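See structure below.
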Amino acid sequence: MDALTGESQIVYDARGLVEPNAEVPKVSSIDGTTAVFDANDLTTRQINLELRWLINEQGITDVHVKNPGAKHSLGVGILTRCKITFEGSLGYFGCGVIDGPEVHIKGRVGWSACENMMSGTVVVEGNAGSLTGAAMRGGDLIIKGRLGARTGIDQKGGTILTMGSVGANTGFMMQRGRQVICGDAGHGLGDSMYDGIIYVGGKVRSLGIDCVPGEWTDADTEFIDRKFRIYELGTPPAFQKFVCGKKLYNYDSLEASERKLVL
Amino acid sequence: MCGIAGIIYKDGHHNVGQDMTRMLQSMKHRGPDSTGYALYAEPTENVVMRYTTANTTTPRDFEFQDRLRRNRAEAERRLAGLGAKIVTCVQETDYAFRLTLDYTDDLKKLADQIEDIPDCEVLSLGHSLEIIKDLGDAESVCAQYHLEQFQGTHAIGHVRMATESDVDISGAHPYWAYPFSDIAVVHNGQLTNYFQWRRRLERSGHRFNSECDSEIIAVYLAEKMSEGMGLKEAMEKSLDELDGVFTYICVTADALGVAKDEMAAKPLVLFEGENMIAMASEEMAIRAIIDHEIDTYDPYEGEVMVWTR
């Protein structure tokens, strides 16, 4: 039987939703600890299998993926220190649940990139969709373009830095970590945040509940300067700082019955 | 979940049927139940009508073929009664027809007469709009309706994962803005004040062929435009008056617009090229018709964008 390529080798169930082929394609060109492969004719599952095979079994520390084609869920679950370069854009859920890799995306990422990222760095040359860095725990996520809504929702650590603007409800229920936004922020910035810091270089359309301006310190200046220096982002703009006001009900010590009387 | 797509060319006609098929096929995983197209060709003097004489839920019993024949004959009799002269008639499937009509009277009257026949539905009426929708993925619908050669200026499309209404042609998108010529909508999301708007619009004399909330948007926008609003203004108004989470694309004879609700809860990726604007629920759909690296972005919450060709 002729070898199938691309979309044609995906086997769907009756509703068209399953991709059961679990065979590692082994199509990479390997040179020492560096490998390159073309993802154009591979499925999402095959690309991730190839990545894991290279990194976990072949001792490769530097992988270049050509033509990722905005496919979803690429580069997820990489738990090793290594370098991965995507020579194009990723679709949804790219680089989720990673712990350690240094990822460079020479394009854009779709919704929910770097969800639950534990550590490492991800640098995106283009824009990113909504929910970027959701529930992120650590590491640095640098977006050189603009971001969608709900950036860093439920963020628990690490840094999200964008050179552009962000959409509504950015930092919603943020618990720790930092966001550096060089452009504008949409409605409801930092709504219901518990902790963490949000820096905004542009205009803020509106602050969310319990998000308040914070006092600028030398540590803020040092942090911003260091990130801009490390990632060669030029001169940082002047930022406003926003933190949690800690006035929401979850910060008081009232019993539920007492709260009804107070409020 | 569902997937939506839109494309408008700035430089005349292209093989829009083929391009839209590629876009929709690449999003098959977002909605394998049905696929629909609203394709726009250069306006003609004749009215183009796409209609069906049975739905997919119509019983396929021993009488089925007879009913199809009777329904078609009755439709043609009623068209003649209205003074609508059939210029061309193409039978696309057992139950789907494309007619060009020499007809200058009221489109509402025409649509109402056809839809009064049991199981008959007018999918689109206009001078440049053609709505094609059926069960299956884009490649099967494209092959069934011979869309690969369709030359046009702009289009929208939809792949449907049925959630709140039947898997049938009536529940498939796009929706024509009955009874307004050449307006159609595809939508991803849910309207929470659907019944409120449906009752209001029904009181204004509009009919709805489905239980799908998306049908409201097309009629809502068309009614606003009939009151004198431009497409962009009507779409901006919809952000205040339609509740829920939605991203929708609306097309008219010469424009294509997109609107996102205030929560931006439904995705849309946008590419603005030199000769075309393309958008879809997923970037891979845009890449299905462009063979080089591109810059794309998501419109923000509460944003309305309109392009005119």
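Each chain in the structure tokens gets a letter, A, B, ..., in the order shown, and its residues are numbered from 1; ligands are numbered from 1 in order too.
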> Residues of stretch 60-113 of chain B in strand (DSSP E) according to DSSP, as a PyMOL selection string?
Replying inline: chain B and resi 85-91+96-102
Write to file, as a PDB file, in the first residue's frame, the residues of the selection just made, with N, CA and C atoms.
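Listed below is the output, result_9.pdb:
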```
ATOM      1  N   LYS B  85     -41.022  33.446 -13.846  1.00  0.00           N
ATOM      2  CA  LYS B  85     -40.679  32.560 -14.961  1.00  0.00           C
ATOM      3  C   LYS B  85     -39.350  31.863 -14.664  1.00  0.00           C
ATOM      4  N   ILE B  86     -39.365  30.533 -14.728  1.00  0.00           N
ATOM      5  CA  ILE B  86     -38.130  29.777 -14.468  1.00  0.00           C
ATOM      6  C   ILE B  86     -37.233  29.877 -15.698  1.00  0.00           C
ATOM      7  N   VAL B  87     -36.075  30.514 -15.516  1.00  0.00           N
ATOM      8  CA  VAL B  87     -35.117  30.665 -16.623  1.00  0.00           C
ATOM      9  C   VAL B  87     -34.228  29.429 -16.698  1.00  0.00           C
ATOM     10  N   THR B  88     -33.693  29.026 -15.542  1.00  0.00           N
ATOM     11  CA  THR B  88     -32.921  27.777 -15.492  1.00  0.00           C
ATOM     12  C   THR B  88     -33.315  27.007 -14.239  1.00  0.00           C
ATOM     13  N   CYS B  89     -33.186  25.702 -14.318  1.00  0.00           N
ATOM     14  CA  CYS B  89     -33.468  24.858 -13.145  1.00  0.00           C
ATOM     15  C   CYS B  89     -32.440  23.731 -13.106  1.00  0.00           C
ATOM     16  N   VAL B  90     -31.700  23.679 -12.014  1.00  0.00           N
ATOM     17  CA  VAL B  90     -30.722  22.603 -11.841  1.00  0.00           C
ATOM     18  C   VAL B  90     -31.125  21.797 -10.616  1.00  0.00           C
ATOM     19  N   GLN B  91     -31.293  20.504 -10.830  1.00  0.00           N
ATOM     20  CA  GLN B  91     -31.593  19.626  -9.696  1.00  0.00           C
ATOM     21  C   GLN B  91     -30.269  19.094  -9.149  1.00  0.00           C
ATOM     22  N   ALA B  96     -32.893  18.959  -3.645  1.00  0.00           N
ATOM     23  CA  ALA B  96     -32.345  20.326  -3.641  1.00  0.00           C
ATOM     24  C   ALA B  96     -32.284  20.890  -5.055  1.00  0.00           C
ATOM     25  N   PHE B  97     -32.764  22.123  -5.202  1.00  0.00           N
ATOM     26  CA  PHE B  97     -32.861  22.732  -6.538  1.00  0.00           C
ATOM     27  C   PHE B  97     -32.249  24.127  -6.531  1.00  0.00           C
ATOM     28  N   ARG B  98     -31.692  24.486  -7.680  1.00  0.00           N
ATOM     29  CA  ARG B  98     -31.234  25.856  -7.905  1.00  0.00           C
ATOM     30  C   ARG B  98     -31.994  26.405  -9.103  1.00  0.00           C
ATOM     31  N   LEU B  99     -32.755  27.464  -8.862  1.00  0.00           N
ATOM     32  CA  LEU B  99     -33.527  28.068  -9.944  1.00  0.00           C
ATOM     33  C   LEU B  99     -33.047  29.486 -10.187  1.00  0.00           C
ATOM     34  N   THR B 100     -33.040  29.914 -11.434  1.00  0.00           N
ATOM     35  CA  THR B 100     -32.952  31.349 -11.712  1.00  0.00           C
ATOM     36  C   THR B 100     -34.310  31.758 -12.257  1.00  0.00           C
ATOM     37  N   LEU B 101     -34.798  32.861 -11.709  1.00  0.00           N
ATOM     38  CA  LEU B 101     -36.166  33.268 -11.996  1.00  0.00           C
ATOM     39  C   LEU B 101     -36.215  34.672 -12.578  1.00  0.00           C
ATOM     40  N   ASP B 102     -37.051  34.825 -13.548  1.00  0.00           N
ATOM     41  CA  ASP B 102     -37.375  36.165 -14.041  1.00  0.00           C
ATOM     42  C   ASP B 102     -38.549  36.649 -13.193  1.00  0.00           C
TER      43      ASP B 102
END
```
Can you write out as a Markdown table which residues of chain A fall within 8 Å of chain B, alongside each residue's closest atom pair and its distance in Å to one decimal, counting only C-alpha atoms and ordering rows by chain and ascending residue number?
```
| residue | atom | partner | partner_atom | distance |
| --- | --- | --- | --- | --- |
| A:Arg15 | CA | B:Pro32 | CA | 5.8 |
| A:Gly16 | CA | B:His29 | CA | 6.1 |
| A:Leu17 | CA | B:His29 | CA | 5.8 |
| A:Gly69 | CA | B:Met284 | CA | 6.5 |
| A:Ala70 | CA | B:Met284 | CA | 5.3 |
| A:Lys71 | CA | B:Met284 | CA | 6.4 |
| A:Gly88 | CA | B:Glu293 | CA | 6.9 |
| A:Gly91 | CA | B:Glu283 | CA | 6.5 |
| A:Gly107 | CA | B:Asp295 | CA | 7.4 |
| A:Arg108 | CA | B:Thr296 | CA | 7.2 |
| A:Gly110 | CA | B:Glu283 | CA | 7.5 |
| A:Trp111 | CA | B:Pro267 | CA | 7.9 |
| A:Gly126 | CA | B:Asp295 | CA | 7.1 |
| A:Asn127 | CA | B:Tyr297 | CA | 6.1 |
| A:Ala128 | CA | B:Tyr297 | CA | 7.2 |
| A:Gly129 | CA | B:Asp298 | CA | 6.0 |
| A:Arg146 | CA | B:Tyr297 | CA | 7.9 |
| A:Gly148 | CA | B:Asp298 | CA | 6.5 |
| A:Ala149 | CA | B:Ala264 | CA | 6.7 |
| A:Gly167 | CA | B:Tyr300 | CA | 6.0 |
| A:Ala168 | CA | B:Glu301 | CA | 6.8 |
```
>> Can you tell me which residues surround stretch 177-184 of chain A at a distance of at most 7 Å, considering only C-alpha atoms, apart from same-chain residues fewer than 6 positions away, and format the answer as a ChimeraX atom specification?
In response: /A:155-166,196-204,237
>> Just want the 12 Å neighbourhood of A:Glu57, counted on only C-alpha atoms, with same-chain residues fewer than 4 positions away dropped. Output as an MDAnalysis selection string.
In response: chainID A and resid 24 26 33 49:53 61 80
Store the residues picked out above, limited to C-alpha atoms, as an mmCIF file, in the first residue's frame.
```cif
data_model
loop_
_atom_site.group_PDB
_atom_site.id
_atom_site.type_symbol
_atom_site.label_atom_id
_atom_site.label_comp_id
_atom_site.auth_asym_id
_atom_site.auth_seq_id
_atom_site.Cartn_x
_atom_site.Cartn_y
_atom_site.Cartn_z
ATOM 1 C CA VAL A 24 6.546 7.501 15.606
ATOM 2 C CA LYS A 26 11.044 9.015 12.559
ATOM 3 C CA THR A 33 22.321 16.701 19.295
ATOM 4 C CA LEU A 49 5.490 11.633 19.005
ATOM 5 C CA GLU A 50 8.452 12.659 16.888
ATOM 6 C CA LEU A 51 9.369 15.433 19.348
ATOM 7 C CA ARG A 52 9.250 13.090 22.328
ATOM 8 C CA TRP A 53 11.174 10.381 20.520
ATOM 9 C CA THR A 61 18.632 18.845 22.807
ATOM 10 C CA THR A 80 12.874 18.170 29.759
#
```
> Which polymer residues have any atom within 10 Å of an atom of B:His127, counting only C-alpha atoms, with same-chain residues fewer than 3 positions away left out, as a list in words?
Replying inline: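 Selected residues are Tyr40, Ala41, Glu42, Pro43, Thr44, Glu45, Asn46, Val47, Val48, Met49, Thr100, Leu101, Ser124, Glu130, Ser181, Asp182 and Ala253 of chain B.
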> Could you write out, as a PyMOL selection string, all the residues of stretch 37-253 of chain A that DSSP marks as alpha helix (DSSP H)?
Replying inline: chain A and resi 44-52+218-230
> Can you list, as a ChimeraX atom specification, every protein, DNA or RNA residue that comes within 12 Å of A:Cys114 when you count only C-alpha atoms, leaving out same-chain residues fewer than 4 positions away?
Replying inline: /A:73-78,90-99,101,103,105,109-110,118-124,128-143,151-153,155,158-160
>> Considering only C-alpha atoms, can you say which of B:Thr58, B:Thr53, B:Thr252, B:Asn209 comes closest to B:Ala73?
In response: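 Closest to B:Ala73 of all the choices is B:Thr53.
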> In terms of the shortest atom-to-atom distance over only C-alpha atoms, which of B:Ile132, B:Leu147, B:Leu82, B:Met1 is closest to B:Arg160?
Replying inline: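 That would be B:Met1, the residue with the smallest distance to B:Arg160.
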>> At a cut-off of 7 Å, using only C-alpha atoms, what residues contact B:Lys108? Leave out same-chain residues fewer than 3 positions from it and give the result as number ranges by chain.
In response: B: 111-112, 179
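Proximity to B:Ala5 was assessed for B:Arg198, B:Ala278, B:Glu227, B:Asn193 counting only C-alpha atoms; the smallest distance is recorded for B:Ala278.
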>> Counting only C-alpha atoms, which residue out of B:Ile290, B:Gly257, B:Asp19, B:Tyr178 sits closest to B:Ala222?
In response: B:Tyr178
>> Report, in Å with one decimal, the straight-line distance from atom CA of B:Lys133 to atom CA of B:Val245.
In response: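 Pair atom CA of B:Lys133 / atom CA of B:Val245 returns 24.0 Å.
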